[in-house]
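Structure data follow from query04.cif (mmCIF, C-alpha atoms):
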```cif
data_structure
loop_
_atom_site.label_atom_id
_atom_site.label_comp_id
_atom_site.auth_asym_id
_atom_site.auth_seq_id
_atom_site.Cartn_x
_atom_site.Cartn_y
_atom_site.Cartn_z
CA MET A 1 56.34 72.88 91.69
CA THR A 2 52.82 74.27 91.35
CA SER A 3 52.43 72.93 87.81
CA THR A 4 53.40 69.43 88.88
CA ILE A 5 50.33 69.07 91.10
CA ARG A 6 47.81 70.72 88.77
CA ASP A 7 44.55 68.73 88.94
CA SER A 8 46.39 65.65 90.25
CA THR A 9 44.78 65.77 93.71
CA ALA A 10 41.36 66.63 95.06
CA ILE A 11 39.43 67.44 98.19
CA VAL A 12 37.00 64.55 98.56
CA GLY A 13 35.56 65.00 102.05
CA ILE A 14 34.66 67.92 104.30
CA GLY A 15 33.51 67.97 107.93
CA GLN A 16 32.92 70.45 110.69
CA THR A 17 31.57 70.73 114.20
CA SER A 18 29.03 73.26 115.32
CA PHE A 19 30.33 76.77 116.02
CA GLY A 20 29.82 78.75 119.19
CA LYS A 21 31.34 80.38 122.23
CA GLY A 22 32.37 78.29 125.16
CA LEU A 23 31.75 74.88 123.59
CA PRO A 24 32.33 72.19 126.26
CA ASP A 25 34.58 69.94 124.16
CA SER A 26 38.36 70.18 124.16
CA GLU A 27 40.24 71.27 121.04
CA LEU A 28 41.39 67.67 120.55
CA SER A 29 37.83 66.39 120.75
CA LEU A 30 36.64 69.04 118.28
CA ALA A 31 39.47 68.12 115.89
CA CYS A 32 38.61 64.42 116.02
CA GLN A 33 34.91 65.10 115.46
CA ALA A 34 35.62 67.22 112.38
CA ILE A 35 38.08 64.69 110.94
CA ALA A 36 35.64 61.81 111.49
CA ALA A 37 32.88 63.81 109.79
CA ALA A 38 35.13 64.57 106.80
CA LEU A 39 36.08 60.90 106.43
CA ASP A 40 32.44 59.88 106.59
CA ASP A 41 31.59 62.51 103.97
CA ALA A 42 34.28 61.10 101.68
CA GLY A 43 33.46 57.46 102.37
CA VAL A 44 37.07 56.78 103.39
CA ALA A 45 37.98 54.55 106.35
CA ALA A 46 40.03 56.11 109.12
CA ASN A 47 42.74 53.46 108.87
CA GLU A 48 43.41 54.51 105.27
CA VAL A 49 44.65 57.95 106.36
CA ASP A 50 48.43 58.08 106.16
CA GLY A 51 49.06 61.85 105.98
CA LEU A 52 48.34 64.68 108.45
CA SER A 53 48.64 68.43 107.87
CA SER A 54 47.90 71.03 110.53
CA PHE A 55 48.68 74.51 111.81
CA THR A 56 51.68 75.12 114.04
CA LEU A 57 49.07 76.60 116.38
CA GLU A 58 47.76 73.06 116.90
CA PRO A 59 49.82 71.84 119.89
CA ASN A 60 51.59 68.87 118.27
CA ARG A 61 48.46 66.72 118.09
CA GLU A 62 49.40 64.20 115.39
CA VAL A 63 49.85 61.37 117.90
CA ASP A 64 46.62 62.09 119.77
CA VAL A 65 44.61 62.55 116.58
CA ALA A 66 45.98 59.36 114.99
CA ARG A 67 45.20 57.32 118.08
CA SER A 68 41.79 58.85 118.81
CA VAL A 69 40.43 58.70 115.25
CA GLY A 70 41.88 55.23 114.62
CA LEU A 71 44.36 55.98 111.83
CA GLY A 72 46.74 53.39 110.44
CA ASP A 73 50.43 53.92 109.66
CA VAL A 74 51.06 57.63 109.12
CA THR A 75 53.91 58.16 106.63
CA TRP A 76 53.81 61.96 106.25
CA PHE A 77 52.94 64.85 108.56
CA SER A 78 53.62 68.56 108.50
CA GLN A 79 52.59 71.88 110.02
CA VAL A 80 52.29 75.40 108.60
CA GLY A 81 52.79 78.62 110.54
CA TYR A 82 51.37 82.13 110.67
CA GLY A 83 47.84 81.45 111.88
CA GLY A 84 45.48 83.02 109.40
CA GLY A 85 47.95 82.50 106.57
CA ALA A 86 48.01 78.72 106.99
CA ALA A 87 44.57 77.38 106.02
CA CYS A 88 45.23 77.01 102.30
CA GLY A 89 48.85 76.12 103.13
CA VAL A 90 47.99 72.98 105.07
CA VAL A 91 45.71 71.78 102.25
CA GLY A 92 48.22 72.63 99.52
CA GLN A 93 51.10 70.94 101.29
CA ALA A 94 48.97 67.85 101.85
CA ALA A 95 48.17 67.86 98.14
CA MET A 96 51.89 67.98 97.32
CA ALA A 97 52.51 65.06 99.65
CA VAL A 98 49.81 62.98 97.94
CA ALA A 99 51.10 63.96 94.49
CA ALA A 100 54.65 63.02 95.49
CA GLY A 101 53.61 59.64 96.87
CA GLN A 102 54.52 60.43 100.49
CA CYS A 103 50.96 59.47 101.47
CA THR A 104 47.78 58.39 99.73
CA VAL A 105 45.03 59.87 101.92
CA ALA A 106 45.77 63.08 103.80
CA VAL A 107 43.71 64.97 106.34
CA ALA A 108 44.11 68.69 107.03
CA TRP A 109 42.26 70.37 109.87
CA ARG A 110 41.93 73.29 112.25
CA ALA A 111 40.43 73.16 115.76
CA ARG A 112 40.23 76.20 117.98
CA LYS A 113 38.63 77.43 121.15
CA ARG A 114 38.77 81.20 120.88
CA ALA A 115 35.91 82.23 123.15
CA ALA A 116 38.04 82.47 126.28
CA LYS A 117 39.69 85.89 126.54
CA SER A 118 42.86 84.23 127.80
CA SER A 119 43.24 82.47 124.43
CA ARG A 120 43.50 85.68 122.42
CA PRO A 121 46.86 86.98 121.22
CA TRP A 122 46.71 90.28 123.07
CA ALA A 123 46.06 88.51 126.39
CA GLN A 124 49.78 87.69 126.61
CA VAL A 125 51.23 91.10 125.78
CA SER A 126 54.38 90.61 127.84
CA ARG A 127 55.23 87.48 125.81
CA ARG A 128 55.04 89.41 122.54
CA ILE A 129 57.37 92.30 123.31
CA GLY A 130 60.41 90.25 122.30
CA ASP A 131 59.34 89.88 118.63
CA ASN A 132 58.51 92.58 116.07
CA GLY A 133 55.87 93.70 118.55
CA MET A 134 58.64 95.68 120.23
CA TRP A 135 58.29 98.23 117.40
CA SER A 136 54.53 98.69 117.77
CA ARG A 137 53.06 97.51 121.07
CA PRO A 138 54.83 100.03 123.34
CA PHE A 139 53.14 102.74 121.24
CA GLY A 140 49.61 101.41 121.71
CA LEU A 141 49.15 98.92 118.86
CA LEU A 142 48.25 96.07 121.19
CA ARG A 143 45.94 94.03 118.98
CA PRO A 144 45.85 92.86 115.37
CA VAL A 145 42.90 95.19 114.75
CA ASP A 146 45.05 98.17 115.75
CA GLU A 147 47.71 97.16 113.24
CA ILE A 148 45.22 96.70 110.40
CA ALA A 149 43.54 100.00 111.30
CA MET A 150 46.82 101.75 110.49
CA LEU A 151 46.97 100.12 107.05
CA THR A 152 43.30 100.99 106.49
CA ARG A 153 43.97 104.67 107.18
CA ARG A 154 46.80 104.58 104.68
CA TYR A 155 44.53 102.94 102.09
CA MET A 156 41.78 105.49 102.67
CA HIS A 157 44.25 108.36 102.39
CA GLU A 158 45.82 107.11 99.15
CA TYR A 159 42.74 105.88 97.32
CA GLY A 160 39.72 107.61 98.80
CA ALA A 161 38.07 104.49 100.18
CA THR A 162 35.28 105.13 102.67
CA ARG A 163 33.49 103.43 105.53
CA ASP A 164 30.68 102.68 103.08
CA HIS A 165 33.10 100.44 101.19
CA LEU A 166 34.00 98.62 104.39
CA ALA A 167 30.29 98.34 105.16
CA ASN A 168 29.74 96.71 101.76
CA VAL A 169 32.11 93.93 102.80
CA ALA A 170 30.49 93.37 106.18
CA LEU A 171 26.94 93.52 104.81
CA ALA A 172 27.60 91.01 102.03
CA ALA A 173 29.09 88.55 104.52
CA ARG A 174 26.12 88.98 106.84
CA ARG A 175 23.56 88.49 104.07
CA HIS A 176 25.27 85.26 103.09
CA ALA A 177 25.43 84.11 106.71
CA ASN A 178 21.70 84.77 107.11
CA ARG A 179 21.16 82.02 104.50
CA ASN A 180 23.52 79.56 106.22
CA PRO A 181 22.01 77.47 109.05
CA ALA A 182 25.49 76.72 110.45
CA ALA A 183 26.51 80.38 110.70
CA THR A 184 26.87 82.06 114.07
CA MET A 185 25.03 85.10 112.66
CA ARG A 186 22.31 83.06 110.94
CA ASP A 187 19.49 84.86 112.72
CA LYS A 188 21.10 88.29 113.05
CA PRO A 189 20.43 90.46 110.01
CA MET A 190 22.32 93.75 109.74
CA THR A 191 21.56 97.02 107.99
CA ARG A 192 23.92 99.77 106.86
CA ALA A 193 22.55 101.90 109.70
CA ASP A 194 23.46 99.13 112.16
CA TYR A 195 26.98 99.10 110.78
CA MET A 196 27.42 102.86 110.96
CA ALA A 197 26.08 102.98 114.54
CA ALA A 198 28.41 100.25 115.84
CA ARG A 199 31.04 101.12 118.44
CA TRP A 200 34.61 101.74 117.46
CA ILE A 201 37.14 98.99 118.02
CA SER A 202 40.13 100.80 116.47
CA GLU A 203 39.26 103.70 114.20
CA PRO A 204 38.41 103.58 111.36
CA LEU A 205 37.32 99.99 112.14
CA CYS A 206 34.12 99.39 114.06
CA LEU A 207 32.72 96.25 115.68
CA PHE A 208 31.39 94.87 112.39
CA ASP A 209 34.74 95.22 110.61
CA ASN A 210 36.10 92.45 112.83
CA CYS A 211 35.84 88.68 112.65
CA LEU A 212 34.01 86.66 115.25
CA GLU A 213 35.57 84.82 118.19
CA THR A 214 34.52 81.22 117.73
CA ASP A 215 35.00 77.69 119.06
CA GLY A 216 34.86 74.89 116.52
CA ALA A 217 36.77 72.66 114.14
CA LEU A 218 36.85 71.79 110.45
CA ALA A 219 38.67 69.20 108.35
CA VAL A 220 39.15 68.09 104.74
CA VAL A 221 40.30 64.84 103.12
CA ILE A 222 42.70 64.93 100.16
CA THR A 223 43.38 62.03 97.76
CA SER A 224 44.60 61.60 94.21
CA ALA A 225 42.21 62.85 91.55
CA GLU A 226 42.07 59.33 90.13
CA ARG A 227 40.83 57.86 93.39
CA ALA A 228 38.47 60.78 93.92
CA ARG A 229 36.40 59.67 90.94
CA ASP A 230 35.48 56.45 92.76
CA LEU A 231 34.32 58.13 95.97
CA ARG A 232 30.85 59.18 97.01
CA ARG A 233 31.05 63.00 96.67
CA PRO A 234 31.87 65.24 93.71
CA ALA A 235 35.55 66.12 93.98
CA ALA A 236 36.99 69.62 94.09
CA LEU A 237 40.23 69.38 92.14
CA ILE A 238 43.20 71.31 93.54
CA HIS A 239 44.07 73.10 90.32
CA SER A 240 46.74 75.42 91.72
CA PHE A 241 48.37 76.17 95.07
CA ALA A 242 50.75 78.88 96.20
CA GLN A 243 52.32 80.40 99.28
CA GLY A 244 53.84 83.86 99.45
CA LEU A 245 56.17 86.02 101.54
CA PRO A 246 57.33 89.24 99.80
CA PRO A 247 60.56 91.21 100.39
CA GLN A 248 60.67 93.65 103.31
CA HIS A 249 57.52 92.18 104.82
CA GLN A 250 56.68 92.71 108.49
CA THR A 251 53.86 90.52 109.76
CA MET A 252 50.70 92.59 110.27
CA THR A 253 52.70 95.82 110.69
CA ASN A 254 53.84 96.26 107.12
CA PHE A 255 54.40 99.95 107.84
CA PHE A 256 58.09 100.13 106.97
CA CYS A 257 57.99 98.67 103.46
CA ASP A 258 58.40 100.72 100.31
CA ASP A 259 54.75 99.92 99.61
CA PRO A 260 52.87 98.99 102.81
CA LEU A 261 49.68 98.13 100.91
CA ARG A 262 51.35 95.56 98.67
CA GLY A 263 51.26 92.56 100.98
CA PRO A 264 51.76 88.79 100.66
CA ALA A 265 48.65 88.43 98.48
CA TRP A 266 50.58 89.87 95.53
CA THR A 267 53.44 87.38 95.78
CA THR A 268 51.03 84.48 96.35
CA ALA A 269 48.79 85.52 93.46
CA ALA A 270 51.66 85.70 90.99
CA LYS A 271 52.67 82.13 91.81
CA LEU A 272 49.06 80.90 91.88
CA TRP A 273 48.20 82.24 88.41
CA ARG A 274 51.50 81.03 86.89
CA GLY A 275 50.53 77.49 87.92
CA ALA A 276 46.97 77.69 86.57
CA ASP A 277 45.18 77.32 83.25
CA VAL A 278 42.73 80.03 84.36
CA GLY A 279 42.99 83.64 85.47
CA PRO A 280 41.06 86.08 87.67
CA CYS A 281 38.42 86.59 84.96
CA ASP A 282 37.56 82.86 85.14
CA VAL A 283 36.93 82.80 88.89
CA LYS A 284 33.21 82.53 89.57
CA VAL A 285 33.33 82.79 93.37
CA ALA A 286 35.97 83.65 95.96
CA GLN A 287 36.43 82.96 99.65
CA LEU A 288 38.76 85.78 100.76
CA TYR A 289 40.26 85.77 104.23
CA ASP A 290 38.40 88.31 106.31
CA ALA A 291 39.73 88.68 109.83
CA PHE A 292 39.05 92.38 109.14
CA SER A 293 36.96 93.94 106.37
CA PRO A 294 39.77 95.98 104.72
CA LEU A 295 41.66 92.76 104.02
CA ILE A 296 39.00 92.04 101.40
CA LEU A 297 39.84 95.27 99.57
CA LEU A 298 43.56 94.48 99.65
CA SER A 299 42.92 90.91 98.45
CA LEU A 300 40.66 91.97 95.58
CA GLU A 301 43.55 94.03 94.25
CA GLY A 302 46.31 91.58 95.15
CA TYR A 303 44.66 88.67 93.33
CA GLY A 304 43.95 90.77 90.25
CA PHE A 305 40.20 91.32 90.31
CA CYS A 306 40.61 95.09 90.04
CA ALA A 307 43.39 97.66 89.77
CA ARG A 308 45.15 99.40 92.67
CA GLY A 309 42.77 101.70 94.48
CA GLU A 310 39.64 100.34 92.76
CA ALA A 311 38.56 97.75 95.31
CA GLY A 312 36.27 100.16 97.17
CA PRO A 313 34.05 100.94 94.18
CA PHE A 314 34.27 97.26 93.14
CA THR A 315 32.18 96.43 96.23
CA ASP A 316 29.45 98.96 95.44
CA ASP A 317 25.97 98.02 94.23
CA GLY A 318 26.08 94.48 95.57
CA GLY A 319 29.43 93.74 93.96
CA LEU A 320 30.20 90.91 96.42
CA ASP A 321 26.73 89.31 96.51
CA PHE A 322 26.23 85.68 95.52
CA ASP A 323 23.33 86.47 93.17
CA GLY A 324 24.66 88.79 90.53
CA GLY A 325 27.71 90.40 92.12
CA ARG A 326 30.83 91.26 90.14
CA LEU A 327 32.59 88.62 92.24
CA PRO A 328 30.57 86.73 94.85
CA VAL A 329 32.72 86.70 98.00
CA ASN A 330 32.51 84.76 101.29
CA THR A 331 29.27 83.01 100.53
CA SER A 332 29.04 81.18 103.88
CA GLY A 333 29.42 84.38 105.90
CA ALA A 334 33.13 83.61 106.46
CA GLY A 335 35.09 84.85 109.45
CA MET A 336 32.98 87.94 109.96
CA SER A 337 29.58 86.26 110.09
CA GLU A 338 29.86 82.44 109.97
CA ALA A 339 32.77 81.57 112.27
CA TYR A 340 36.40 82.46 112.74
CA VAL A 341 38.61 79.38 112.76
CA HIS A 342 41.69 80.94 111.17
CA GLY A 343 40.03 80.86 107.75
CA PHE A 344 39.61 77.10 107.45
CA ASN A 345 35.86 77.47 106.93
CA LEU A 346 36.70 79.30 103.69
CA VAL A 347 38.23 76.09 102.33
CA LEU A 348 35.08 74.10 103.05
CA GLU A 349 32.88 76.75 101.45
CA GLY A 350 35.11 76.74 98.39
CA VAL A 351 34.49 72.99 98.08
CA ARG A 352 30.74 73.41 98.58
CA GLN A 353 30.61 75.92 95.73
CA ILE A 354 32.32 73.43 93.40
CA ARG A 355 29.93 70.70 94.56
CA GLY A 356 26.92 72.96 94.08
CA THR A 357 25.79 72.62 97.70
CA SER A 358 26.38 76.08 99.18
CA THR A 359 23.46 77.82 100.88
CA SER A 360 24.39 80.82 98.72
CA GLN A 361 25.24 78.85 95.62
CA VAL A 362 26.72 80.76 92.69
CA ALA A 363 25.46 79.58 89.32
CA GLY A 364 28.14 77.89 87.21
CA ALA A 365 30.77 77.98 89.98
CA ASP A 366 33.35 75.78 88.28
CA VAL A 367 36.39 77.79 89.44
CA SER A 368 36.59 78.74 93.11
CA LEU A 369 39.38 80.79 94.74
CA VAL A 370 40.20 80.41 98.43
CA THR A 371 42.75 82.66 100.15
CA SER A 372 44.36 82.81 103.55
CA GLY A 373 45.36 85.84 105.59
CA GLU A 374 46.57 88.96 103.86
CA GLY A 375 48.96 90.76 106.21
CA VAL A 376 50.91 87.61 107.10
CA PRO A 377 52.91 85.05 105.07
CA THR A 378 49.99 83.46 103.28
CA SER A 379 48.63 80.87 100.86
CA ALA A 380 45.88 80.33 98.32
CA LEU A 381 44.07 77.56 96.44
CA LEU A 382 42.27 77.37 93.13
CA LEU A 383 39.60 74.67 93.17
CA THR A 384 37.90 73.45 90.01
CA GLU A 385 35.30 70.93 88.89
CA ASP A 386 36.48 67.51 87.82
CA ARG A 387 35.29 67.16 84.24
CA GLY A 388 37.25 63.97 83.62
#
```
structure tokens encoding of this file:
Amino acid sequence: MTSTIRDSTAIVGIGQTSFGKGLPDSELSLACQAIAAALDDAGVAANEVDGLSSFTLEPNREVDVARSVGLGDVTWFSQVGYGGGAACGVVGQAAMAVAAGQCTVAVAWRARKRAAKSSRPWAQVSRRIGDNGMWSRPFGLLRPVDEIAMLTRRYMHEYGATRDHLANVALAARRHANRNPAATMRDKPMTRADYMAARWISEPLCLFDNCLETDGALAVVITSAERARDLRRPAALIHSFAQGLPPQHQTMTNFFCDDPLRGPAWTTAAKLWRGADVGPCDVKVAQLYDAFSPLILLSLEGYGFCARGEAGPFTDDGGLDFDGGRLPVNTSGAGMSEAYVHGFNLVLEGVRQIRGTSTSQVAGADVSLVTSGEGVPTSALLLTEDRG
């Protein structure tokens, strides 16, 4: 299936709202603003949109979005689950729908108001005890950060990774955000000393190992590659797309697998590279899902940029920096320093790198990887330049 859509569709428009805490607009309003901005960026009329792709976490908004934005007949719509694992999934599934002729212009989006404490997953602990949380929450693992902290300890024990390696991830994201006017942390530089002095959230993870809590919305427009060539912006071709859920997986708490550190990224990567004409060595820049800093280490290994246990040293000496790093990563600041909207901002930054418009632009970025959440059933995209 992946090979059938190779380079046949493209992201032709991107749009986003401002990011912040406690924005006054509703999630629906934020979604409509982002979609309208993406359509304007693409030069596509709202009534041409006939496909909608969103997260299951969006509360069944297709009808409200279609009416409020002024869409025409919608002939395809779908949702993808698992929160942070869905951002690339909603884009990839929209691309498949366009390639299959189910729609001609699709919009994928994510809108979220996360600033209110009541909106956070651990605010409804009693509602979570009935799922796999029954095996972890009664013993004190109340939040996603607690679950990832357990995996981080395992990784440190097996491979000798250190807090300095985690700091490398956080510091690279912050440096990139400091160059990005839209980033929440635009005016908040951080030093290694700042990182090391930060309070613990769940050892060995400190405050700066965690993503932000952000209100905002983002959207993209997907069309056929043929049509993309007639539109106003350089297209980012969807070269390959994959989703992945490995055997024995437990969402977030992958503690009971034969290999707890081999998560969904490995399954997704195998499918992604099988459907591509390029490999990890061809990727010039990557937007790796970063709800927590150790997920970057796991993703670097899962997607084949280094061997098992080598991701820590891979980040040393500016390895993730946009200007000369081994692999520039999260060049907008991403979830840790730009905004956290379940990773959808990574998709937009992947497009900007292909267009050559990032505020931390990587020279010659003709192949751009975007990933969704490691630790949950996930998805990934390979975006490339249109040289046709």
How far is it from atom CA of A:Pro234 to atom CA of A:Val283, in Å with one decimal?
18.9 Å
Could you give me, as a list in words, the residues that have an atom at most 10 Å away from the point (34.5, 78.5, 116.6) in the coordinates of the file, using only C-alpha atoms?
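Output of the proximity query reads Thr17, Ser18, Phe19, Gly20, Lys21, Gly22, Leu23, Leu30, Ala111, Arg112, Lys113, Arg114, Ala115, Thr184, Leu212, Glu213, Thr214, Asp215, Gly216, Ala217, Leu218, Gly335, Glu338, Ala339, Tyr340, Val341, His342 and Asn345 of chain A.
If you look at atom CA of A:Gly70 and atom CA of A:Ala95, they are 21.7 Å away from each other.
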So which residues get picked by the PyMOL selection byres ((chain A and resi 290) around 8) here, written as a list in words?
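In the shown coordinates, the PyMOL selection byres ((chain A and resi 290) around 8) covers Cys211, Leu288, Tyr289, Ala291, Phe292, Ser293, Pro294, Leu295, Ile296, Ala334, Gly335, Met336, Gly343 and Gly373 of chain A.
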Given the point (34.3, 85.6, 99.0) in the coordinates of this file, which residues lie within 7 Å, counting only C-alpha atoms, and how would they look as a list in words?
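Output of the proximity query reads Val285, Ala286, Gln287, Leu288, Pro328, Val329, Asn330 and Thr331 of chain A.
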Excluding A:Glu48 and any residue of its chain fewer than 2 positions from it, enumerate the residues within 8 Å of it, using all atoms listed in the file, and give them as a compact mmCIF listing (two decimals) with C-alpha atoms, in the coordinates of the input.
```
# COMPACT_ATOMS: atom_id res chain seq x y z
CA VAL A 44 37.07 56.78 103.39
CA ALA A 45 37.98 54.55 106.35
CA ALA A 46 40.03 56.11 109.12
CA ASP A 50 48.43 58.08 106.16
CA LEU A 71 44.36 55.98 111.83
CA GLY A 72 46.74 53.39 110.44
CA VAL A 105 45.03 59.87 101.92
```
Here atom CA of A:Val65 and atom CA of A:Ala31 stand apart by 7.6 Å
For stretch 161-171 of chain A, list every protein, DNA or RNA residue within 9 Å, evaluated using all atoms listed in the file, and leave out those in the same chain fewer than 4 positions away; present the list as a ChimeraX atom specification.
/A:152,155-157,175-176,189-192,195-196,204-205,208-210,293-294,296-297,309-320,329,336-337
Could you give me the centre and size, in Å to one decimal, of an axis-aligned box around all listed atoms of stretch 265-270 of chain A with 4 Å added on every side, as JSON?
```
{"center_x": 51.0, "center_y": 87.2, "center_z": 94.7, "size_x": 12.8, "size_y": 13.4, "size_z": 15.5}
```
Exercise: A:Ser372 partners within 8 Å, only C-alpha atoms, chain neighbours under 5 positions left out, as a list in words:
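So, after excluding close chain neighbours, the residues are Gly84, Gly85, Ala86, Ala87, Cys88, Leu288, Tyr289, Gly343, Thr378, Ser379 and Ala380 of chain A.
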